[in-house]
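Okay, so here's the structure we're looking at.
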Amino acid sequence: MKKLFNFIICLLPWFVSGTLFSSTIDYFDTLHLPWFALPKFLYGIVWTILYICIALSSYKIYSRNHPKHIQGYNQALLSNYIFNQLYLFFMFFLKNPFLGFVDCVVILITSLFLYYETKELDESAAKLLLPYVFFNLYAMILSLSIYFMNF
């Protein structure tokens with residue numbers, strides 16, 4: 001039971017911005033989207049799966065490593081988390097596709113750092129982050145396309 005509780009503690013923070021800004025997502029319906037954009041209903045499913053992967057990876061790192069050995073990991077995770085949470089604010093609350101794109105670039109960069117720091121500590125935990133890194137690459141390309149199509 002304690003393991004489940006600790007996992008949930010790792011998972012819940014990732015859903016903060018979705019909860020705060022879910023009412024502003026109607027803006028998405030007003031945007032011109034490229035042909036490769038996923039259907040709107042899939043984004044919630046995909047991000048839930050990705051957040052579970054991140055939480056499982058974090059749980060593995062925190063349960064297997066001493067706190068003084070994971071300083072670089074903590075910095076990478078925190079910076080990635082902050083920019084991940086800011087995306088919905090920039091894109092849907094401020095309705096600014098350019099800031100959304102810039103944030104996507106930063107999310108991709110910080111997810112690469114997070115992957116690197118995780119791999120240094122636990123290769124199996126790092127593998128859980130690969131779908132997140134690849135989806136961030138897709139999201140950055142999508143965000144750039146949305147910016148140019150709605151400029």
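Following the order of the structure tokens, first chain is A, next is B, and so on, with residues numbered from 1 inside each chain and ligands from 1 in the order they appear.
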
Contacts of Gly72 (chain A) within 7 Å, only C-alpha atoms, excl. fewer than 3 positions in-chain, as an mmCIF file with C-alpha atoms, in the first residue's frame:
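The resulting file, selection_23.cif, is reproduced below:
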data_model
loop_
_atom_site.group_PDB
_atom_site.id
_atom_site.type_symbol
_atom_site.label_atom_id
_atom_site.label_comp_id
_atom_site.auth_asym_id
_atom_site.auth_seq_id
_atom_site.Cartn_x
_atom_site.Cartn_y
_atom_site.Cartn_z
ATOM 1 C CA GLN A 75 17.042 19.711 -11.192
ATOM 2 C CA ALA A 76 16.216 18.109 -14.549
ATOM 3 C CA GLU A 117 20.130 12.187 -15.734
#

query: Tell me, which residues of chain A carry DSSP alpha helix (DSSP H), written as a ChimeraX atom specification?
result: /A:2-11,16-21,40-64,71-88,97-121,123-127,130-149

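Residue nearest Leu144 (chain A) within the list A:Thr48, A:Ser79, A:Gln71, A:Asn96: A:Asn96 [criterion: smallest interatomic distance, only C-alpha atoms].
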
message: At a cut-off of 10 Å, using only C-alpha atoms, what residues contact Ile70 (chain A)? Leave out same-chain residues fewer than 4 positions from it and give the result as a count of residues only.
response: 11

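The coordinates place CA of Phe135 (chain A) at 23.1 Å from CA of Leu94 (chain A).
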
message: Using only C-alpha atoms, which protein or nucleic acid residues come within 12 Å of Lys40 (chain A)? Drop anything in the same chain fewer than 6 positions from it, and give the result as JSON, numbers by chain.
response: {"A": [25, 26, 27, 28, 29, 31, 33, 46, 47]}

- prompt: Given the choices A:Phe36, A:Leu56, A:Ser111, A:Phe98, which gets closest to Leu12 (chain A) if the distance is worked out from only C-alpha atoms?
  reply: A:Leu56

field: Of the listed residues A:Thr30, A:Gln85, A:Ser57, A:Ser63, that which approaches Pro13 (chain A) most closely, counting only C-alpha atoms
entry: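 Using only C-alpha atoms, Pro13 (chain A) sits closest to A:Gln85.
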
task: Write out as JSON, numbers by chain which residues come within 9 Å of Lys95 (chain A) when counting only C-alpha atoms, dropping same-chain ones fewer than 5 positions away.
output: {"A": [24, 27, 89, 90, 100]}

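Here CA of Phe134 (chain A) and CA of Ile9 (chain A) stand 24.7 Å from one another.
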
query: Excluding same-chain residues fewer than 4 positions from Ile109 (chain A), what lies within 12 Å of it counting only C-alpha atoms, as a VMD selection string?
result: chain A and resid 76 to 77 79 to 80 83 to 84 102 to 105 113 to 116 132 to 134 136 to 137 140

task: Provide the CA of Leu78 (chain A) to CA of Val106 (chain A) distance in Å, to one decimal place.
output: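 Straight-line distance from CA of Leu78 (chain A) to CA of Val106 (chain A) works out to 12.7 Å.
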
- request: Write out as a PyMOL selection string which residues come within 12 Å of Ala37 (chain A) when counting only C-alpha atoms, dropping same-chain ones fewer than 5 positions away.
  value: chain A and resi 28+31-32+42-43+138-146

Residues as selected, C-alpha atoms, written as a CSV table (one decimal), in the first residue's frame, can you do that?
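What ended up in part.csv:
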chain,number,residue,atom,x,y,z
A,28,PHE,CA,-7.9,24.5,-29.6
A,31,LEU,CA,-7.0,26.9,-34.5
A,32,HIS,CA,-6.0,25.7,-38.0
A,42,LEU,CA,-6.5,11.4,-27.9
A,43,TYR,CA,-4.4,14.1,-26.2
A,138,TYR,CA,6.2,15.5,-32.1
A,139,ALA,CA,4.6,18.2,-30.0
A,140,MET,CA,7.3,20.7,-30.9
A,141,ILE,CA,6.8,20.0,-34.6
A,142,LEU,CA,3.1,20.2,-34.2
A,143,SER,CA,3.3,23.4,-32.2
A,144,LEU,CA,5.6,25.1,-34.8
A,145,SER,CA,3.1,24.1,-37.5
A,146,ILE,CA,0.2,25.5,-35.5

Residue with smallest distance to Leu50 (chain A) - pool A:Trp14, A:Tyr73, A:Trp35, A:Phe92, counting only C-alpha atoms: A:Trp14
